[in-house]
Amino acid sequence: MALIGAVGSAGVLVLIWLLAFHTHAGAQADQSVFVGFAQLQRPHVNRLANLIAGACDPAPFLVLSAIVVAIAFARGRARLALAVGAILLGANLTTELLKPSLALTHPHWMVPPGIPVHPDSWPSGHATAAMSLTLALVLAAPARRRPLIAALGAVFVVAVCYSFLTLSWHYPSDVLGGYLVAVMWTQLALAGLFGLDARRAGRLLDGGAPALSLRAVLTPPAVAVLAAAVVAAVVAVAHPHAVVAFLHQHKTFVLGAATIGALALALATALVLGLRANPGSPRAPSPAHR
């Protein structure tokens with residue numbers, strides 16, 4: 001199943017590229033969201049955005065990657081550590097190879113003058129780095145910690161992506177491309193682990209821990225969504241007229257921004273759900289056998 005998922009991710013990756021660069025509707029939506037983020041720029045916003053986005057610059061990324069791999073090694077999971085390292089290296093190397101290979105300039109008829117449009121921005125390296133770090137950490141962590149790590153990791157991914165989008169480093173389709181490259185490599189790594197021995201791979205990932213309940217998996221992402229809704233409500237109450245005017249003028253931006261955030265949370269949570277259902281994980285005994 002993981003290998004099929006990897007092939008499917010590659011297919012969606014190609015589809016997003018085609019929509020963004022070769023269809024009018026896709027290019028228009030991409031630009032609308034891009035311009036909406038660009039209009040959030042302020043001196044203090046830009047300073048904070050640079051700080052957050054910088055967490056996935058090459059040097060910090062290497063440090064964070066080493067920590068994730070070390071966590072797997074510290075759990076006595078050398079094979080898992082290699083798989084995690086393959087995700088982090090493979091995903092980000094793939095993105096860096098795709099950029100010059102697909103160095104097309106995004107359509108930009110809606111972009112105001114003065115905002116640079118780079119010809120080699122797809123897919124986003126920062127989005128790939130943030131998502132691959134989150135998915136790799138979910139794999140490396142103990143089973144009981146995965147739901148919380150997935151939710152917090154998704155928040156990290158969204159913060160990084162919103163930051164560099166606000167700074168006009170990338171288009172939204174660059175972000176989606178980065179997500180999918182990371183997901184594809186995660187699925188390939190899982191296919192490799194389970195291809196050798198599904199039951200042994202399950203023990204490698206979970207260490208014999210009881211399967212997580214559905215409630216345990218879904219509670220952290222639900223809390224993350226609720227927290228985001230509360231923040232949005234506070235902003236709306238504090239600046240009602242400005243918020244209403246902005247929403248009226250930038251409906252596509254709001255939908256695009258929400259999609260980027262929801263997809264990050266969905267992908268991280270889907271990995272936890274997939275690991276929960278893997279055939280190597282032990283199951284809680286049925287009432288008849290307790």
# chains A, B, ... in the order shown; residues from 1 in each chain; ligands from 1
>>> residues_around(residues="Ser173 (chain A)", least_positions_apart="6", cutoff="9 Å", atoms="only C-alpha atoms", output="number ranges by chain")
A: 16-17, 19-20, 30, 122-124
>>> write_last_selection(atoms="N, CA and C atoms", output="mmCIF file, in the first residue's frame")
data_model
loop_
_atom_site.group_PDB
_atom_site.id
_atom_site.type_symbol
_atom_site.label_atom_id
_atom_site.label_comp_id
_atom_site.auth_asym_id
_atom_site.auth_seq_id
_atom_site.Cartn_x
_atom_site.Cartn_y
_atom_site.Cartn_z
ATOM 1 N N ILE A 16 -0.342 18.870 -10.044
ATOM 2 C CA ILE A 16 -0.255 20.228 -9.490
ATOM 3 C C ILE A 16 0.632 21.100 -10.367
ATOM 4 N N TRP A 17 1.746 20.544 -10.827
ATOM 5 C CA TRP A 17 2.641 21.309 -11.706
ATOM 6 C C TRP A 17 1.928 21.697 -12.991
ATOM 7 N N LEU A 19 -1.336 22.037 -13.475
ATOM 8 C CA LEU A 19 -2.379 23.022 -13.184
ATOM 9 C C LEU A 19 -1.795 24.412 -12.963
ATOM 10 N N ALA A 20 -0.694 24.481 -12.216
ATOM 11 C CA ALA A 20 -0.117 25.775 -11.855
ATOM 12 C C ALA A 20 0.527 26.478 -13.044
ATOM 13 N N ASP A 30 -3.384 30.431 -8.113
ATOM 14 C CA ASP A 30 -2.047 30.495 -7.529
ATOM 15 C C ASP A 30 -1.645 31.948 -7.275
ATOM 16 N N TRP A 122 9.745 25.974 -7.953
ATOM 17 C CA TRP A 122 8.858 24.816 -7.775
ATOM 18 C C TRP A 122 9.659 23.523 -7.807
ATOM 19 N N PRO A 123 9.463 22.660 -6.794
ATOM 20 C CA PRO A 123 8.699 22.856 -5.560
ATOM 21 C C PRO A 123 9.509 23.616 -4.519
ATOM 22 N N SER A 124 8.862 24.001 -3.444
ATOM 23 C CA SER A 124 9.533 24.784 -2.403
ATOM 24 C C SER A 124 10.468 23.918 -1.562
#
>>> residues_around(residues="Ser9 (chain A)", least_positions_apart="4", cutoff="8 Å", atoms="only C-alpha atoms", output="list of chain:residue names")
A:Gly5, A:Leu13, A:Leu180, A:Val181, A:Val183, A:Met184
>>> write_last_selection(atoms="N, CA and C atoms", output="PDB file, in the first residue's frame")
ATOM      1  N   GLY A   5       0.844   4.324  -2.616  1.00  0.00           N
ATOM      2  CA  GLY A   5       0.702   5.707  -2.168  1.00  0.00           C
ATOM      3  C   GLY A   5       1.792   6.598  -2.721  1.00  0.00           C
ATOM      4  N   LEU A  13       1.675  15.145  -7.745  1.00  0.00           N
ATOM      5  CA  LEU A  13       2.742  16.139  -7.895  1.00  0.00           C
ATOM      6  C   LEU A  13       2.791  16.661  -9.330  1.00  0.00           C
ATOM      7  N   LEU A 180       4.215  17.194  -1.231  1.00  0.00           N
ATOM      8  CA  LEU A 180       4.072  15.903  -1.892  1.00  0.00           C
ATOM      9  C   LEU A 180       5.404  15.190  -2.077  1.00  0.00           C
ATOM     10  N   VAL A 181       6.471  15.938  -2.309  1.00  0.00           N
ATOM     11  CA  VAL A 181       7.792  15.304  -2.393  1.00  0.00           C
ATOM     12  C   VAL A 181       8.123  14.629  -1.061  1.00  0.00           C
ATOM     13  N   VAL A 183       5.978  13.607   1.263  1.00  0.00           N
ATOM     14  CA  VAL A 183       5.067  12.473   1.455  1.00  0.00           C
ATOM     15  C   VAL A 183       5.501  11.286   0.603  1.00  0.00           C
ATOM     16  N   MET A 184       5.887  11.543  -0.634  1.00  0.00           N
ATOM     17  CA  MET A 184       6.313  10.469  -1.527  1.00  0.00           C
ATOM     18  C   MET A 184       7.501   9.714  -0.948  1.00  0.00           C
TER      19      MET A 184
END
>>> atom_distance(atom1="CA of Ala270 (chain A)", atom2="CA of Gly8 (chain A)")
14.7 Å
>>> residues_around(residues="Leu167 (chain A)", least_positions_apart="4", cutoff="10 Å", atoms="only C-alpha atoms", output="PDB file with C-alpha atoms, in the first residue's frame")
ATOM      1  CA  PHE A  34       0.316  34.671  -3.658  1.00  0.00           C
ATOM      2  CA  PHE A  37       0.001  36.746   1.335  1.00  0.00           C
ATOM      3  CA  ALA A  38       2.201  39.508  -0.111  1.00  0.00           C
ATOM      4  CA  GLN A  39      -0.276  42.134   1.079  1.00  0.00           C
ATOM      5  CA  LEU A  40       0.290  41.022   4.678  1.00  0.00           C
ATOM      6  CA  GLN A  41       3.833  42.372   4.581  1.00  0.00           C
ATOM      7  CA  ARG A  42       4.757  44.888   7.264  1.00  0.00           C
ATOM      8  CA  VAL A  45       5.671  40.944  10.168  1.00  0.00           C
ATOM      9  CA  ASN A  46       8.609  40.511   7.802  1.00  0.00           C
ATOM     10  CA  ARG A  47      11.095  40.299  10.656  1.00  0.00           C
ATOM     11  CA  ALA A  49       8.503  35.752   9.032  1.00  0.00           C
ATOM     12  CA  ASN A  50      12.220  35.738   8.234  1.00  0.00           C
ATOM     13  CA  ALA A  53      11.192  30.630   7.726  1.00  0.00           C
ATOM     14  CA  ILE A 115       7.399  41.588  -6.411  1.00  0.00           C
ATOM     15  CA  CYS A 161       5.114  28.062   4.873  1.00  0.00           C
ATOM     16  CA  TYR A 162       2.945  31.043   5.810  1.00  0.00           C
ATOM     17  CA  SER A 163       6.121  32.937   6.659  1.00  0.00           C
TER      18      SER A 163
END
>>> residues_around(residues="region 255-258 of chain A", least_positions_apart="2", cutoff="10 Å", atoms="only C-alpha atoms", output="list in words")
Ala29, Asp30, Ser32, Val33, Phe34, Gly36, Phe37, Val158, Cys161, Tyr162, Leu165, Pro172, Ser173, Leu247, His250, Lys251, Thr252, Phe253, Ile260, Gly261, Ala262 and Leu263 of chain A
>>> residues_around(residues="region 86-97 of chain A", least_positions_apart="2", cutoff="7 Å", atoms="only C-alpha atoms", output="mmCIF file with N, CA and C atoms, in the first residue's frame")
data_model
loop_
_atom_site.group_PDB
_atom_site.id
_atom_site.type_symbol
_atom_site.label_atom_id
_atom_site.label_comp_id
_atom_site.auth_asym_id
_atom_site.auth_seq_id
_atom_site.Cartn_x
_atom_site.Cartn_y
_atom_site.Cartn_z
ATOM 1 N N SER A 65 17.622 17.706 11.345
ATOM 2 C CA SER A 65 17.620 16.363 10.760
ATOM 3 C C SER A 65 18.468 15.405 11.592
ATOM 4 N N LEU A 82 17.945 4.750 9.577
ATOM 5 C CA LEU A 82 18.364 4.817 8.177
ATOM 6 C C LEU A 82 17.210 5.218 7.281
ATOM 7 N N ALA A 83 16.024 4.686 7.561
ATOM 8 C CA ALA A 83 14.846 5.045 6.765
ATOM 9 C C ALA A 83 14.505 6.520 6.934
ATOM 10 N N VAL A 84 14.585 7.008 8.168
ATOM 11 C CA VAL A 84 14.324 8.425 8.441
ATOM 12 C C VAL A 84 15.350 9.295 7.719
ATOM 13 N N LYS A 99 13.940 21.663 -9.093
ATOM 14 C CA LYS A 99 13.897 23.111 -9.321
ATOM 15 C C LYS A 99 14.569 23.528 -10.628
ATOM 16 N N PRO A 100 15.838 23.193 -10.853
ATOM 17 C CA PRO A 100 16.451 23.596 -12.124
ATOM 18 C C PRO A 100 15.903 22.827 -13.320
ATOM 19 N N SER A 101 15.427 21.592 -13.092
ATOM 20 C CA SER A 101 14.896 20.798 -14.196
ATOM 21 C C SER A 101 13.568 21.350 -14.709
ATOM 22 N N PRO A 123 9.463 22.660 -6.794
ATOM 23 C CA PRO A 123 8.699 22.856 -5.560
ATOM 24 C C PRO A 123 9.509 23.616 -4.519
ATOM 25 N N GLY A 125 11.722 24.358 -1.459
ATOM 26 C CA GLY A 125 12.675 23.655 -0.609
ATOM 27 C C GLY A 125 12.330 23.774 0.858
ATOM 28 N N THR A 128 9.389 21.476 1.588
ATOM 29 C CA THR A 128 9.881 20.098 1.610
ATOM 30 C C THR A 128 10.614 19.814 2.916
ATOM 31 N N ALA A 129 11.472 20.744 3.319
ATOM 32 C CA ALA A 129 12.242 20.554 4.544
ATOM 33 C C ALA A 129 11.336 20.454 5.764
ATOM 34 N N SER A 132 9.158 17.165 5.557
ATOM 35 C CA SER A 132 9.957 15.950 5.730
ATOM 36 C C SER A 132 10.438 15.816 7.178
ATOM 37 N N LEU A 133 10.777 16.928 7.807
ATOM 38 C CA LEU A 133 11.160 16.883 9.222
ATOM 39 C C LEU A 133 10.002 16.376 10.080
ATOM 40 N N ALA A 136 9.271 12.612 9.279
ATOM 41 C CA ALA A 136 10.371 11.786 9.780
ATOM 42 C C ALA A 136 10.323 11.683 11.304
ATOM 43 N N VAL A 181 6.471 15.938 -2.309
ATOM 44 C CA VAL A 181 7.792 15.304 -2.393
ATOM 45 C C VAL A 181 8.123 14.629 -1.061
ATOM 46 N N ALA A 182 7.860 15.324 0.047
ATOM 47 C CA ALA A 182 8.130 14.746 1.367
ATOM 48 C C ALA A 182 7.252 13.522 1.625
ATOM 49 N N TRP A 185 8.491 10.436 -0.436
ATOM 50 C CA TRP A 185 9.667 9.772 0.127
ATOM 51 C C TRP A 185 9.348 9.039 1.427
ATOM 52 N N THR A 186 8.419 9.569 2.205
ATOM 53 C CA THR A 186 7.999 8.860 3.418
ATOM 54 C C THR A 186 7.345 7.538 3.060
ATOM 55 N N ALA A 189 9.966 5.061 1.928
ATOM 56 C CA ALA A 189 10.699 4.508 3.074
ATOM 57 C C ALA A 189 9.870 3.442 3.781
#
>>> closest_residue(among="A:Thr23, A:Gln28, A:Thr105, A:Ser121", to="Val175 (chain A)", atoms="only C-alpha atoms")
A:Ser121
>>> residues_around(residues="Leu267 (chain A)", least_positions_apart="5", cutoff="10 Å", atoms="only C-alpha atoms", output="number ranges by chain")
A: 131, 134-135, 150, 154, 179-180, 183, 262, 272-273
>>> closest_residue(among="A:Cys56, A:Ala10, A:Val157, A:His248", to="Gly177 (chain A)", atoms="only C-alpha atoms")
A:Ala10
>>> closest_residue(among="A:Val217, A:Val155, A:Pro107, A:Gly192", to="Gly274 (chain A)", atoms="only C-alpha atoms")
A:Val217
>>> atom_distance(atom1="CA of Leu152 (chain A)", atom2="CA of Ile52 (chain A)")
14.6 Å
>>> select_by_dssp(residues="region 65-154 of chain A", states="alpha helix (DSSP H)", output="PyMOL selection string")
chain A and resi 65-74+78-101+125-140+146-154
>>> closest_residue(among="A:Val35, A:Leu226, A:Val63, A:Met1", to="Pro113 (chain A)", atoms="only C-alpha atoms")
A:Val35
>>> residues_around(residues="Pro221 (chain A)", least_positions_apart="5", cutoff="8 Å", atoms="only C-alpha atoms", output="VMD selection string")
chain A and resid 147 to 148 150 to 151 265 269
>>> atom_distance(atom1="CA of Phe73 (chain A)", atom2="CA of Asp57 (chain A)")
24.3 Å
